[in-house]
file entry_14.txt (compact mmCIF, C-alpha atoms)
# COMPACT_ATOMS: atom_id res chain seq x y z
CA MET A 1 -6.87 -12.70 34.89
CA GLY A 2 -8.45 -9.57 33.35
CA LEU A 3 -8.02 -8.11 29.91
CA GLU A 4 -5.82 -5.07 29.50
CA THR A 5 -7.44 -1.80 28.54
CA SER A 6 -6.26 -0.56 25.14
CA SER A 7 -5.15 3.02 24.54
CA LEU A 8 -8.31 3.47 22.46
CA GLN A 9 -10.50 2.33 25.34
CA ARG A 10 -8.61 4.55 27.76
CA GLY A 11 -9.22 7.50 25.39
CA ASP A 12 -12.93 6.65 25.32
CA GLN A 13 -13.08 6.45 29.10
CA ALA A 14 -11.47 9.88 29.41
CA GLY A 15 -14.31 11.41 27.39
CA ALA A 16 -17.04 8.94 28.34
CA SER A 17 -19.67 11.67 28.62
CA VAL A 18 -19.18 12.63 24.95
CA ARG A 19 -21.02 10.45 22.44
CA GLN A 20 -18.49 8.86 20.06
CA PRO A 21 -19.75 8.07 16.52
CA TRP A 22 -17.00 5.52 15.75
CA THR A 23 -16.51 2.17 17.38
CA GLY A 24 -13.14 1.24 18.84
CA GLY A 25 -12.59 -1.05 15.86
CA ASP A 26 -12.91 1.79 13.36
CA ARG A 27 -10.47 3.99 15.23
CA GLY A 28 -8.13 1.07 15.82
CA LEU A 29 -7.98 0.25 12.12
CA LEU A 30 -7.43 3.87 11.12
CA ARG A 31 -4.76 4.49 13.75
CA THR A 32 -2.97 1.25 12.91
CA ALA A 33 -3.08 2.03 9.18
CA ASP A 34 -1.63 5.47 9.91
CA VAL A 35 1.24 4.02 11.98
CA VAL A 36 2.10 1.46 9.29
CA ARG A 37 1.81 4.04 6.49
CA ARG A 38 4.13 6.47 8.28
CA ARG A 39 6.74 3.73 8.91
CA LEU A 40 6.69 2.69 5.26
CA GLN A 41 6.78 6.28 4.01
CA GLU A 42 9.92 6.89 6.09
CA ILE A 43 11.54 3.98 4.26
CA VAL A 44 10.61 4.95 0.69
CA GLU A 45 11.03 8.75 0.90
CA PRO A 46 14.86 8.71 0.95
CA HIS A 47 14.66 6.92 -2.43
CA GLY A 48 12.76 9.87 -3.92
CA ILE A 49 9.38 8.16 -4.21
CA THR A 50 6.09 8.18 -2.36
CA LEU A 51 4.34 5.15 -0.91
CA GLN A 52 1.84 5.22 -3.81
CA GLN A 53 4.70 5.30 -6.33
CA TYR A 54 6.35 2.37 -4.54
CA ASN A 55 3.08 0.47 -4.83
CA VAL A 56 2.97 1.08 -8.61
CA LEU A 57 6.57 -0.11 -9.01
CA ARG A 58 5.83 -3.20 -6.93
CA ILE A 59 2.75 -4.01 -9.01
CA LEU A 60 4.67 -3.59 -12.27
CA ARG A 61 7.55 -5.75 -11.06
CA GLY A 62 5.05 -8.50 -10.34
CA ALA A 63 3.56 -8.15 -13.82
CA GLY A 64 6.88 -8.98 -15.50
CA GLU A 65 8.16 -7.75 -18.84
CA GLU A 66 4.77 -7.48 -20.52
CA GLY A 67 3.62 -4.92 -17.94
CA LEU A 68 0.02 -3.92 -17.31
CA PRO A 69 -2.59 -1.53 -18.67
CA THR A 70 -3.04 1.65 -16.66
CA LEU A 71 -6.50 0.73 -15.39
CA GLU A 72 -5.28 -2.67 -14.18
CA ILE A 73 -2.58 -0.94 -12.13
CA ALA A 74 -5.25 1.33 -10.62
CA ALA A 75 -7.37 -1.71 -9.72
CA ARG A 76 -4.45 -3.39 -7.92
CA MET A 77 -3.40 -0.38 -5.84
CA VAL A 78 -3.40 -0.82 -2.07
CA GLU A 79 -5.07 2.57 -1.67
CA ARG A 80 -7.70 3.46 -4.25
CA MET A 81 -7.03 6.92 -5.55
CA PRO A 82 -7.86 9.09 -8.50
CA GLY A 83 -5.04 10.32 -10.66
CA ILE A 84 -3.19 7.13 -11.64
CA THR A 85 -2.18 8.87 -14.88
CA ARG A 86 -0.48 11.72 -12.98
CA LEU A 87 1.25 9.19 -10.73
CA LEU A 88 2.56 7.34 -13.79
CA ASP A 89 3.56 10.66 -15.40
CA ARG A 90 5.86 11.39 -12.45
CA LEU A 91 7.36 7.88 -12.47
CA GLU A 92 7.97 8.06 -16.21
CA ARG A 93 9.51 11.54 -15.94
CA VAL A 94 12.16 10.25 -13.50
CA GLY A 95 12.83 7.12 -15.58
CA LEU A 96 11.31 4.48 -13.29
CA VAL A 97 8.56 3.29 -15.66
CA ARG A 98 7.78 3.43 -19.37
CA ARG A 99 4.44 3.54 -21.12
CA GLU A 100 3.56 2.37 -24.62
CA ARG A 101 0.35 2.40 -26.58
CA GLY A 102 -0.83 -1.07 -27.54
CA PRO A 103 -0.39 -2.02 -31.20
CA GLY A 104 -3.87 -3.55 -31.44
CA ASP A 105 -5.74 -0.97 -29.41
CA ARG A 106 -4.17 2.49 -29.41
CA ARG A 107 -6.48 3.54 -26.56
CA GLN A 108 -4.79 1.09 -24.19
CA VAL A 109 -1.52 2.16 -22.57
CA ARG A 110 0.71 -0.59 -21.19
CA CYS A 111 3.18 0.25 -18.44
CA GLN A 112 6.41 -1.53 -17.55
CA VAL A 113 8.91 -0.97 -14.77
CA ARG A 114 12.32 0.12 -16.10
CA GLN A 115 15.68 -1.15 -14.90
CA ARG A 116 16.10 1.96 -12.73
CA GLY A 117 12.74 1.23 -11.08
CA LEU A 118 13.83 -2.37 -10.40
CA ARG A 119 17.00 -1.09 -8.74
CA VAL A 120 14.92 1.16 -6.46
CA LEU A 121 12.72 -1.81 -5.54
CA GLU A 122 15.75 -4.00 -4.84
CA ALA A 123 17.13 -1.34 -2.50
CA LEU A 124 13.77 -1.22 -0.70
CA ASP A 125 13.05 -4.95 -0.44
CA GLN A 126 15.00 -5.61 2.75
CA PRO A 127 13.94 -2.43 4.61
CA ILE A 128 10.29 -3.09 3.72
CA ARG A 129 10.59 -6.68 5.00
CA GLY A 130 12.12 -5.28 8.17
CA ALA A 131 9.20 -2.89 8.63
CA ASP A 132 6.77 -5.76 8.09
CA HIS A 133 8.57 -7.73 10.79
CA ALA A 134 8.62 -4.71 13.11
CA CYS A 135 4.85 -4.27 12.69
CA LEU A 136 3.82 -7.92 12.88
CA GLY A 137 6.82 -9.68 14.40
CA GLU A 138 5.17 -10.05 17.80
CA LEU A 139 2.36 -12.10 16.27
CA THR A 140 2.57 -15.85 15.73
CA GLU A 141 2.05 -17.20 12.21
CA ALA A 142 -1.46 -18.30 13.21
CA GLN A 143 -2.24 -14.81 14.55
CA ARG A 144 -0.96 -13.19 11.33
CA GLN A 145 -3.15 -15.50 9.25
CA THR A 146 -6.14 -14.69 11.45
CA LEU A 147 -5.41 -10.96 11.15
CA VAL A 148 -5.22 -11.18 7.35
CA HIS A 149 -8.46 -13.16 7.26
CA LEU A 150 -10.26 -10.66 9.50
CA LEU A 151 -9.01 -7.68 7.49
CA ASP A 152 -10.18 -9.40 4.29
CA ARG A 153 -13.63 -9.74 5.86
CA VAL A 154 -13.70 -6.09 6.87
CA ARG A 155 -12.85 -5.05 3.30
CA ALA A 156 -15.33 -7.46 1.70
CA GLU A 157 -18.35 -6.03 -0.04
CA PRO A 158 -21.50 -6.31 2.09
CA GLY A 159 -24.06 -8.91 1.11

call {"tool": "encode", "arguments": {"input": "entry_14.txt", "output": "structure tokens"}}
result
Amino acid sequence: MGLETSSLQRGDQAGASVRQPWTGGDRGLLRTADVVRRRLQEIVEPHGITLQQYNVLRILRGAGEEGLPTLEIAARMVERMPGITRLLDRLERVGLVRRERGPGDRRQVRCQVRQRGLRVLEALDQPIRGADHACLGELTEAQRQTLVHLLDRVRAEPG
């Protein structure tokens, strides 16, 4: 019983005479991330937010009523990106989050998700779970745990 050839391998075979700088694993990760990102973006866009904005709302919901400082939100983002302040500006402008300067340290800005933001998240919870199942539903629980472990290792700092 032989192993099936993946679409990435078939693509490599089609251009086998051209030297490819990336391994199949690199391309596979990037292509998979793109597929998942597009599926999730299709879910959140009708609610008037981007995937990055959804991530901020999700982080703030998890933080509870006390919220989080801006830099802590940036550190917890799925995708590291500059411009967390602009992202929060847009969410605040549409009434999904609020920001307040800390009473002890006026330099620190704490952010909380507003009731309107919680309603958006509630509307998205089930469709996001459905997308998760659509992406990973063919895997057994053991395979999902292995996948998470391997992805953690790929993201780990070298050394």

call {"tool": "atom_distance", "arguments": {"input": "entry_14.txt", "atom1": "CA of Leu57 (chain A)", "atom2": "CA of Val94 (chain A)"}}
result
12.6 Å

call {"tool": "atom_distance", "arguments": {"input": "entry_14.txt", "atom1": "CA of Arg129 (chain A)", "atom2": "CA of Ile43 (chain A)"}}
result
10.7 Å

call {"tool": "closest_residue", "arguments": {"input": "entry_14.txt", "among": "A:Ala131, A:Gly95, A:Thr85, A:Arg80", "to": "Arg116 (chain A)", "atoms": "only C-alpha atoms"}}
result
A:Gly95

call {"tool": "atom_distance", "arguments": {"input": "entry_14.txt", "atom1": "CA of Val97 (chain A)", "atom2": "CA of Gln112 (chain A)"}}
result
5.6 Å

call {"tool": "residues_around", "arguments": {"input": "entry_14.txt", "residues": "region 59-62 of chain A", "least_positions_apart": "2", "cutoff": "9 Å", "atoms": "only C-alpha atoms", "output": "short mmCIF file (atom, residue, chain, number, x, y, z; two decimals) with C-alpha atoms, keeping the file's coordinate frame"}}
result
data_model
loop_
_atom_site.label_atom_id
_atom_site.label_comp_id
_atom_site.auth_asym_id
_atom_site.auth_seq_id
_atom_site.Cartn_x
_atom_site.Cartn_y
_atom_site.Cartn_z
CA TYR A 54 6.35 2.37 -4.54
CA ASN A 55 3.08 0.47 -4.83
CA VAL A 56 2.97 1.08 -8.61
CA LEU A 57 6.57 -0.11 -9.01
CA GLY A 64 6.88 -8.98 -15.50
CA GLU A 65 8.16 -7.75 -18.84
CA GLY A 67 3.62 -4.92 -17.94
CA LEU A 68 0.02 -3.92 -17.31
CA ILE A 73 -2.58 -0.94 -12.13
CA ARG A 76 -4.45 -3.39 -7.92
CA MET A 77 -3.40 -0.38 -5.84
CA VAL A 97 8.56 3.29 -15.66
CA CYS A 111 3.18 0.25 -18.44
CA GLN A 112 6.41 -1.53 -17.55
CA VAL A 113 8.91 -0.97 -14.77
CA GLY A 117 12.74 1.23 -11.08
CA LEU A 118 13.83 -2.37 -10.40
CA LEU A 121 12.72 -1.81 -5.54
#

call {"tool": "closest_residue", "arguments": {"input": "entry_14.txt", "among": "A:Pro69, A:Val148, A:Arg27, A:Ala156", "to": "Leu136 (chain A)", "atoms": "only C-alpha atoms"}}
result
A:Val148
